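Asker: mmCIF, C-alpha atoms, file query.cif:
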```
data_structure
loop_
_atom_site.group_PDB
_atom_site.id
_atom_site.type_symbol
_atom_site.label_atom_id
_atom_site.label_comp_id
_atom_site.auth_asym_id
_atom_site.auth_seq_id
_atom_site.Cartn_x
_atom_site.Cartn_y
_atom_site.Cartn_z
ATOM 1 C CA MET U 1430 92.144 47.216 91.272
ATOM 2 C CA ALA U 1431 88.521 47.664 92.332
ATOM 3 C CA ILE U 1432 85.821 48.435 89.782
ATOM 4 C CA THR U 1433 84.846 52.105 89.909
ATOM 5 C CA THR U 1434 82.943 52.467 86.645
ATOM 6 C CA CYS U 1435 80.289 50.314 84.967
ATOM 7 C CA VAL U 1436 79.827 50.977 81.268
ATOM 8 C CA PHE U 1437 77.094 49.435 79.140
ATOM 9 C CA ASP U 1438 76.529 48.971 75.464
ATOM 10 C CA ALA U 1439 73.041 50.205 74.636
ATOM 11 C CA TYR U 1440 71.272 48.282 71.889
ATOM 12 C CA GLY U 1441 70.659 44.662 72.787
ATOM 13 C CA THR U 1442 72.279 45.162 76.192
ATOM 14 C CA LEU U 1443 70.110 47.695 78.017
ATOM 15 C CA PHE U 1444 67.477 48.103 75.288
ATOM 16 C CA ASP U 1445 65.580 45.261 73.617
ATOM 17 C CA VAL U 1446 66.256 45.688 69.886
ATOM 18 C CA ALA U 1447 63.537 43.158 69.007
ATOM 19 C CA ALA U 1448 60.879 45.260 70.727
ATOM 20 C CA ALA U 1449 60.128 47.417 67.685
ATOM 21 C CA ALA U 1450 59.290 44.478 65.410
ATOM 22 C CA ARG U 1451 57.449 42.637 68.182
ATOM 23 C CA GLN U 1452 55.269 45.630 69.005
ATOM 24 C CA ALA U 1453 54.518 46.507 65.393
ATOM 25 C CA ALA U 1454 53.471 42.912 64.697
ATOM 26 C CA ALA U 1455 50.812 43.185 67.406
ATOM 27 C CA GLU U 1456 49.302 46.393 66.044
ATOM 28 C CA PRO U 1457 46.316 46.590 63.668
ATOM 29 C CA GLY U 1458 47.275 46.945 60.034
ATOM 30 C CA PHE U 1459 50.547 45.048 60.263
ATOM 31 C CA GLU U 1460 49.195 41.502 60.231
ATOM 32 C CA ALA U 1461 51.683 40.561 57.504
ATOM 33 C CA LEU U 1462 54.407 40.904 60.116
ATOM 34 C CA ALA U 1463 52.740 38.624 62.671
ATOM 35 C CA ASP U 1464 54.599 35.457 61.685
ATOM 36 C CA LYS U 1465 57.683 37.185 60.344
ATOM 37 C CA TRP U 1466 58.695 39.601 63.077
ATOM 38 C CA PRO U 1467 61.338 37.373 64.763
ATOM 39 C CA GLU U 1468 63.065 36.761 61.431
ATOM 40 C CA LEU U 1469 62.862 40.432 60.510
ATOM 41 C CA ALA U 1470 64.227 41.517 63.900
ATOM 42 C CA ASN U 1471 67.182 39.134 63.578
ATOM 43 C CA HIS U 1472 67.966 40.254 60.023
ATOM 44 C CA TRP U 1473 67.644 43.902 60.985
ATOM 45 C CA ARG U 1474 70.062 43.667 63.880
ATOM 46 C CA LEU U 1475 72.621 41.576 62.002
ATOM 47 C CA LYS U 1476 72.743 43.830 58.940
ATOM 48 C CA GLN U 1477 72.868 46.932 61.141
ATOM 49 C CA LEU U 1478 75.981 45.550 62.837
ATOM 50 C CA GLN U 1479 77.562 44.281 59.634
ATOM 51 C CA TYR U 1480 77.231 47.719 58.067
ATOM 52 C CA THR U 1481 78.990 49.345 61.041
ATOM 53 C CA TRP U 1482 81.929 46.931 60.682
ATOM 54 C CA LEU U 1483 82.193 47.482 56.930
ATOM 55 C CA ARG U 1484 82.036 51.238 57.304
ATOM 56 C CA ALA U 1485 84.662 51.159 60.064
ATOM 57 C CA VAL U 1486 87.199 49.187 58.010
ATOM 58 C CA ALA U 1487 86.421 51.212 54.866
ATOM 59 C CA ASP U 1488 86.769 54.545 56.696
ATOM 60 C CA ALA U 1489 83.255 55.430 55.561
ATOM 61 C CA HIS U 1490 81.622 56.484 58.827
ATOM 62 C CA CYS U 1491 78.031 57.653 58.954
ATOM 63 C CA ASP U 1492 75.376 58.277 61.571
ATOM 64 C CA PHE U 1493 74.095 55.089 63.220
ATOM 65 C CA TRP U 1494 70.603 56.078 62.152
ATOM 66 C CA ASP U 1495 71.677 55.611 58.525
ATOM 67 C CA VAL U 1496 72.876 52.035 59.069
ATOM 68 C CA THR U 1497 69.749 51.352 61.120
ATOM 69 C CA GLN U 1498 67.587 52.342 58.146
ATOM 70 C CA ASP U 1499 69.783 50.470 55.678
ATOM 71 C CA GLY U 1500 69.616 47.351 57.823
ATOM 72 C CA LEU U 1501 65.836 47.579 58.046
ATOM 73 C CA ASP U 1502 65.471 47.969 54.283
ATOM 74 C CA TRP U 1503 67.547 44.828 53.740
ATOM 75 C CA ALA U 1504 65.535 42.954 56.373
ATOM 76 C CA LEU U 1505 62.178 43.985 54.899
ATOM 77 C CA GLU U 1506 63.236 42.715 51.499
ATOM 78 C CA ALA U 1507 64.549 39.483 53.029
ATOM 79 C CA VAL U 1508 61.080 38.702 54.449
ATOM 80 C CA SER U 1509 59.253 39.948 51.319
ATOM 81 C CA LEU U 1510 57.782 43.037 52.956
ATOM 82 C CA GLN U 1511 59.648 45.644 50.947
ATOM 83 C CA GLY U 1512 57.506 48.462 49.615
ATOM 84 C CA ASP U 1513 55.290 48.687 52.703
ATOM 85 C CA ASN U 1514 56.267 52.231 53.587
ATOM 86 C CA THR U 1515 53.741 52.508 56.401
ATOM 87 C CA LEU U 1516 55.244 49.468 58.128
ATOM 88 C CA ARG U 1517 58.767 50.742 57.517
ATOM 89 C CA GLN U 1518 57.988 54.091 59.119
ATOM 90 C CA ARG U 1519 56.262 52.493 62.092
ATOM 91 C CA LEU U 1520 59.273 50.259 62.761
ATOM 92 C CA LEU U 1521 61.627 53.217 62.580
ATOM 93 C CA ASP U 1522 59.431 55.266 64.915
ATOM 94 C CA LEU U 1523 59.367 52.426 67.439
ATOM 95 C CA TYR U 1524 63.151 52.138 67.347
ATOM 96 C CA TRP U 1525 63.317 55.520 69.081
ATOM 97 C CA GLU U 1526 61.187 54.122 71.908
ATOM 98 C CA LEU U 1527 62.821 50.765 72.585
ATOM 99 C CA GLN U 1528 61.944 49.068 75.849
ATOM 100 C CA ALA U 1529 64.638 48.390 78.420
ATOM 101 C CA PHE U 1530 65.019 44.803 79.572
ATOM 102 C CA PRO U 1531 63.037 44.246 82.799
ATOM 103 C CA GLU U 1532 66.024 44.047 85.169
ATOM 104 C CA VAL U 1533 67.736 47.214 83.878
ATOM 105 C CA PRO U 1534 66.219 49.967 86.085
ATOM 106 C CA GLU U 1535 66.802 48.198 89.400
ATOM 107 C CA MET U 1536 70.279 47.046 88.385
ATOM 108 C CA LEU U 1537 71.374 50.588 87.490
ATOM 109 C CA LYS U 1538 69.747 51.966 90.625
ATOM 110 C CA ALA U 1539 71.709 49.502 92.768
ATOM 111 C CA LEU U 1540 74.976 50.550 91.133
ATOM 112 C CA LYS U 1541 74.317 54.254 91.692
ATOM 113 C CA GLU U 1542 73.187 53.798 95.287
ATOM 114 C CA ASP U 1543 76.545 52.155 96.033
ATOM 115 C CA GLY U 1544 78.526 54.979 94.456
ATOM 116 C CA MET U 1545 79.447 53.383 91.147
ATOM 117 C CA GLN U 1546 79.984 55.560 88.082
ATOM 118 C CA THR U 1547 77.671 54.463 85.275
ATOM 119 C CA ALA U 1548 77.545 55.197 81.566
ATOM 120 C CA ILE U 1549 76.444 54.016 78.156
ATOM 121 C CA LEU U 1550 79.059 53.573 75.414
ATOM 122 C CA SER U 1551 77.288 53.026 72.126
ATOM 123 C CA ASN U 1552 77.433 53.125 68.343
ATOM 124 C CA GLY U 1553 74.187 55.071 68.548
ATOM 125 C CA SER U 1554 74.061 58.757 67.733
ATOM 126 C CA PRO U 1555 73.299 61.188 70.575
ATOM 127 C CA PRO U 1556 69.691 61.881 69.493
ATOM 128 C CA MET U 1557 68.917 58.151 69.205
ATOM 129 C CA LEU U 1558 70.437 57.395 72.581
ATOM 130 C CA ASP U 1559 68.657 60.312 74.210
ATOM 131 C CA GLY U 1560 65.343 58.998 72.890
ATOM 132 C CA ALA U 1561 65.995 55.487 74.195
ATOM 133 C CA VAL U 1562 67.192 56.681 77.613
ATOM 134 C CA GLN U 1563 64.179 58.953 78.036
ATOM 135 C CA SER U 1564 61.766 56.258 76.866
ATOM 136 C CA ALA U 1565 63.238 53.787 79.359
ATOM 137 C CA GLY U 1566 63.312 56.377 82.162
ATOM 138 C CA ILE U 1567 66.914 55.619 83.193
ATOM 139 C CA GLY U 1568 68.556 59.005 82.728
ATOM 140 C CA ASP U 1569 68.783 59.655 86.468
ATOM 141 C CA VAL U 1570 70.913 56.527 87.053
ATOM 142 C CA LEU U 1571 73.477 57.268 84.329
ATOM 143 C CA ASP U 1572 76.398 59.649 84.730
ATOM 144 C CA ASP U 1573 76.895 59.982 80.986
ATOM 145 C CA VAL U 1574 75.913 58.657 77.576
ATOM 146 C CA LEU U 1575 78.944 58.315 75.299
ATOM 147 C CA SER U 1576 78.530 58.034 71.533
ATOM 148 C CA VAL U 1577 80.985 57.007 68.815
ATOM 149 C CA GLU U 1578 79.985 60.174 66.976
ATOM 150 C CA SER U 1579 82.592 62.061 69.007
ATOM 151 C CA VAL U 1580 85.384 59.989 67.393
ATOM 152 C CA GLY U 1581 83.800 59.189 64.024
ATOM 153 C CA VAL U 1582 84.280 55.417 63.943
ATOM 154 C CA PHE U 1583 82.216 52.466 65.130
ATOM 155 C CA LYS U 1584 83.162 49.816 67.679
ATOM 156 C CA PRO U 1585 85.377 47.925 68.256
ATOM 157 C CA HIS U 1586 87.898 50.622 67.323
ATOM 158 C CA ALA U 1587 90.102 51.413 70.328
ATOM 159 C CA SER U 1588 89.336 55.133 70.099
ATOM 160 C CA VAL U 1589 85.749 54.331 71.095
ATOM 161 C CA TYR U 1590 86.836 52.608 74.303
ATOM 162 C CA ASP U 1591 89.202 55.538 74.960
ATOM 163 C CA LEU U 1592 86.104 57.666 75.549
ATOM 164 C CA VAL U 1593 85.545 55.982 78.916
ATOM 165 C CA GLN U 1594 88.976 56.853 80.312
ATOM 166 C CA ASN U 1595 88.800 60.354 78.874
ATOM 167 C CA ARG U 1596 85.446 60.963 80.582
ATOM 168 C CA PHE U 1597 85.999 59.304 83.939
ATOM 169 C CA GLY U 1598 89.772 59.364 84.390
ATOM 170 C CA CYS U 1599 89.829 55.732 85.461
ATOM 171 C CA ALA U 1600 92.316 52.980 84.746
ATOM 172 C CA ARG U 1601 91.237 50.372 82.216
ATOM 173 C CA ASN U 1602 91.042 47.598 84.799
ATOM 174 C CA GLU U 1603 88.733 49.745 86.952
ATOM 175 C CA VAL U 1604 86.044 49.509 84.247
ATOM 176 C CA LEU U 1605 83.435 46.765 84.051
ATOM 177 C CA PHE U 1606 82.241 46.876 80.452
ATOM 178 C CA VAL U 1607 79.003 45.048 79.664
ATOM 179 C CA SER U 1608 77.723 44.135 76.208
ATOM 180 C CA SER U 1609 75.286 41.706 74.626
ATOM 181 C CA ASN U 1610 77.579 41.515 71.591
ATOM 182 C CA GLY U 1611 80.268 38.876 71.947
ATOM 183 C CA TRP U 1612 82.575 40.706 69.544
ATOM 184 C CA ASP U 1613 82.164 43.946 71.532
ATOM 185 C CA ALA U 1614 82.929 42.245 74.842
ATOM 186 C CA ALA U 1615 85.935 40.561 73.227
ATOM 187 C CA GLY U 1616 87.210 43.842 71.797
ATOM 188 C CA ALA U 1617 86.843 45.560 75.154
ATOM 189 C CA SER U 1618 88.701 42.676 76.810
ATOM 190 C CA GLY U 1619 91.570 43.159 74.388
ATOM 191 C CA TYR U 1620 91.520 46.856 75.221
ATOM 192 C CA GLY U 1621 91.982 46.082 78.925
ATOM 193 C CA PHE U 1622 88.516 46.438 80.443
ATOM 194 C CA VAL U 1623 87.027 43.811 82.724
ATOM 195 C CA THR U 1624 84.167 42.537 80.588
ATOM 196 C CA ALA U 1625 80.842 40.766 80.861
ATOM 197 C CA TRP U 1626 79.051 39.306 77.866
ATOM 198 C CA VAL U 1627 75.277 39.172 78.307
ATOM 199 C CA ASN U 1628 74.506 36.109 76.242
ATOM 200 C CA ARG U 1629 70.722 36.088 76.431
ATOM 201 C CA ALA U 1630 70.350 33.776 73.417
ATOM 202 C CA GLY U 1631 72.888 31.172 74.525
ATOM 203 C CA GLU U 1632 75.087 31.715 71.465
ATOM 204 C CA PRO U 1633 78.540 30.139 70.976
ATOM 205 C CA MET U 1634 81.597 32.144 71.982
ATOM 206 C CA ASP U 1635 83.056 34.219 69.147
ATOM 207 C CA ARG U 1636 86.354 32.895 67.827
ATOM 208 C CA LEU U 1637 88.475 35.952 68.534
ATOM 209 C CA PRO U 1638 91.849 36.535 70.227
ATOM 210 C CA TRP U 1639 90.173 37.772 73.414
ATOM 211 C CA ARG U 1640 87.349 36.499 75.603
ATOM 212 C CA PRO U 1641 85.053 38.209 78.090
ATOM 213 C CA ALA U 1642 85.848 37.642 81.758
ATOM 214 C CA HIS U 1643 82.220 36.815 82.550
ATOM 215 C CA VAL U 1644 79.303 35.321 80.597
ATOM 216 C CA LEU U 1645 75.807 36.093 81.901
ATOM 217 C CA SER U 1646 72.257 35.273 80.875
ATOM 218 C CA ASP U 1647 70.952 38.702 81.959
ATOM 219 C CA LEU U 1648 72.066 41.815 83.838
ATOM 220 C CA THR U 1649 70.797 40.909 87.301
ATOM 221 C CA THR U 1650 74.192 40.056 88.793
ATOM 222 C CA ILE U 1651 76.120 43.074 87.492
ATOM 223 C CA PRO U 1652 76.245 44.761 90.949
ATOM 224 C CA GLN U 1653 77.835 41.622 92.385
ATOM 225 C CA LEU U 1654 80.382 41.456 89.557
ATOM 226 C CA ALA U 1655 81.222 45.088 90.266
ATOM 227 C CA GLY U 1656 82.073 44.124 93.835
ATOM 228 C CA LEU U 1657 79.084 45.690 95.555
#
```
Any chance you could give the structure as structure tokens?

Answerer:
Amino acid sequence: MAITTCVFDAYGTLFDVAAAARQAAAEPGFEALADKWPELANHWRLKQLQYTWLRAVADAHCDFWDVTQDGLDWALEAVSLQGDNTLRQRLLDLYWELQAFPEVPEMLKALKEDGMQTAILSNGSPPMLDGAVQSAGIGDVLDDVLSVESVGVFKPHASVYDLVQNRFGCARNEVLFVSSNGWDAAGASGYGFVTAWVNRAGEPMDRLPWRPAHVLSDLTTIPQLAGL
């Protein structure tokens, strides 16, 4: 069946999760971060994800903002910057204003101009996602922003992917699901979506029962994958 709906993970896929640490490191007063920001950004993202998985299997759901703060606190300690509350607050403030990757606006515009349904499906809470979408200026090229908060469990639980069908009334194989997380793309493949893994860092394929249908280095070719 033809693709009718393109659904995107948010953090790391549309929005650059390293942007907060990178920007803070360039600002006056945060010179201690200058040489450490890549390591901190990597730690922050990994612990944020690990905490979502642990909470999902332990049935201990919380707002994504909580795991974002917990992940940052772990990362700050890992790079010996714990206790710098001014830096911590600046990083958290910047996370609400993450930059979109350069190709995102035109890619989404192309999808909408050709009649494709578009949405975000994210672990993020609605207020966080609203802040990121507004900051990136892409609200007018999205039909909806779907959050796990409506089902109370993080990805890759199947009930999260159910949100797409419930919202758009499409068959699973009419959905092109795009994520920068290999495990997310794999989980969505197992669910029945057509999937694309945006592997910007050139990482190895996750050893999971399912694999994404497509592996990309960025989002530029998504309209072509969608059949436009």

Asker: Using all atoms listed in the file, can you tell me which of U:Leu1637, U:Ala1504, U:Val1580, U:Ala1447 comes closest to Ala1615 (chain U)?

Answerer: U:Leu1637

Asker: With distances taken over all atoms listed in the file, which residue among U:Val1570, U:Ala1470, U:Cys1491, U:Met1430 lies nearest Ala1507 (chain U)?

Answerer: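 Looking only at the distances to Ala1507 (chain U), the closest residue turns out to be U:Ala1470.
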
Asker: Suppose a student applies the PyMOL selection byres ((chain U and resi 1520) around 9) to this structure; what residues should they get, written as a list in words?

Answerer: Ala1449, Ala1450, Gln1452, Ala1453, Leu1501, Thr1515, Leu1516, Arg1517, Gln1518, Arg1519, Leu1521, Asp1522, Leu1523 and Tyr1524 of chain U

Asker: So, counting only C-alpha atoms, which residue among U:Asp1635, U:Asp1591, U:Asp1573, U:Glu1506 is closest to Ala1617 (chain U)?

Answerer: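 Selected residue with least distance to Ala1617 (chain U): U:Asp1591.
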
Asker: Please list as a list in words every residue within 8 Å of region 1483-1485 of chain U, counting only C-alpha atoms and excluding residues in the same chain fewer than 2 positions away.

Answerer: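 Once the nearby chain positions are removed, what remains is Gln1479, Tyr1480, Thr1481, Ala1487, Asp1488, Ala1489, His1490, Cys1491, Val1582, Phe1583, Lys1584 and His1586 of chain U.
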
Asker: Could you give me, as a list in words, the residues within 12 Å of Pro1556 (chain U), counting all atoms listed in the file and dropping anything in the same chain fewer than 5 positions from it?

Answerer: Asp1492, Phe1493, Trp1494, Tyr1524, Trp1525, Glu1526, Ser1551, Ala1561, Val1562, Gln1563, Val1574, Leu1575, Ser1576 and Glu1578 of chain U

Asker: May I have the residues within 10 Å of Ala1548 (chain U) as a PyMOL selection string, using only C-alpha atoms and disregarding those fewer than 6 positions away in the same chain?

Answerer: chain U and resi 1434-1439+1537+1568+1570-1575+1593+1596-1597+1606

Asker: What does the distance between CA of Val1496 (chain U) and CA of Trp1639 (chain U) come to in Å, to one decimal place?

Answerer: 26.6 Å

Asker: Can you list every residue of region 1444-1535 of chain U that has an atom at most 12 Å from region 1619-1633 of chain U, with its nearest atom pair and the distance in Å to one decimal, using all atoms listed in the file, ordered by chain then number, as CSV?

Answerer:
```
residue,atom,partner,partner_atom,distance
U:Asp1445,CA,U:Arg1629,CA,10.9
U:Asn1471,CA,U:Ala1630,CA,11.6
U:Phe1530,CA,U:Arg1629,CA,10.9
```

Asker: Take the residues from that selection and put them in a file with C-alpha atoms, as a PDB file, in the coordinates of the input.

Answerer:
```pdb
ATOM      1  CA  ASP U1445      65.580  45.261  73.617  1.00  0.00           C
ATOM      2  CA  ASN U1471      67.182  39.134  63.578  1.00  0.00           C
ATOM      3  CA  PHE U1530      65.019  44.803  79.572  1.00  0.00           C
TER       4      PHE U1530
END
```

Asker: Counting all atoms listed in the file, which of U:Thr1649, U:Gln1498, U:Thr1433, U:Thr1442 gets nearest to Gly1611 (chain U)?

Answerer: U:Thr1442
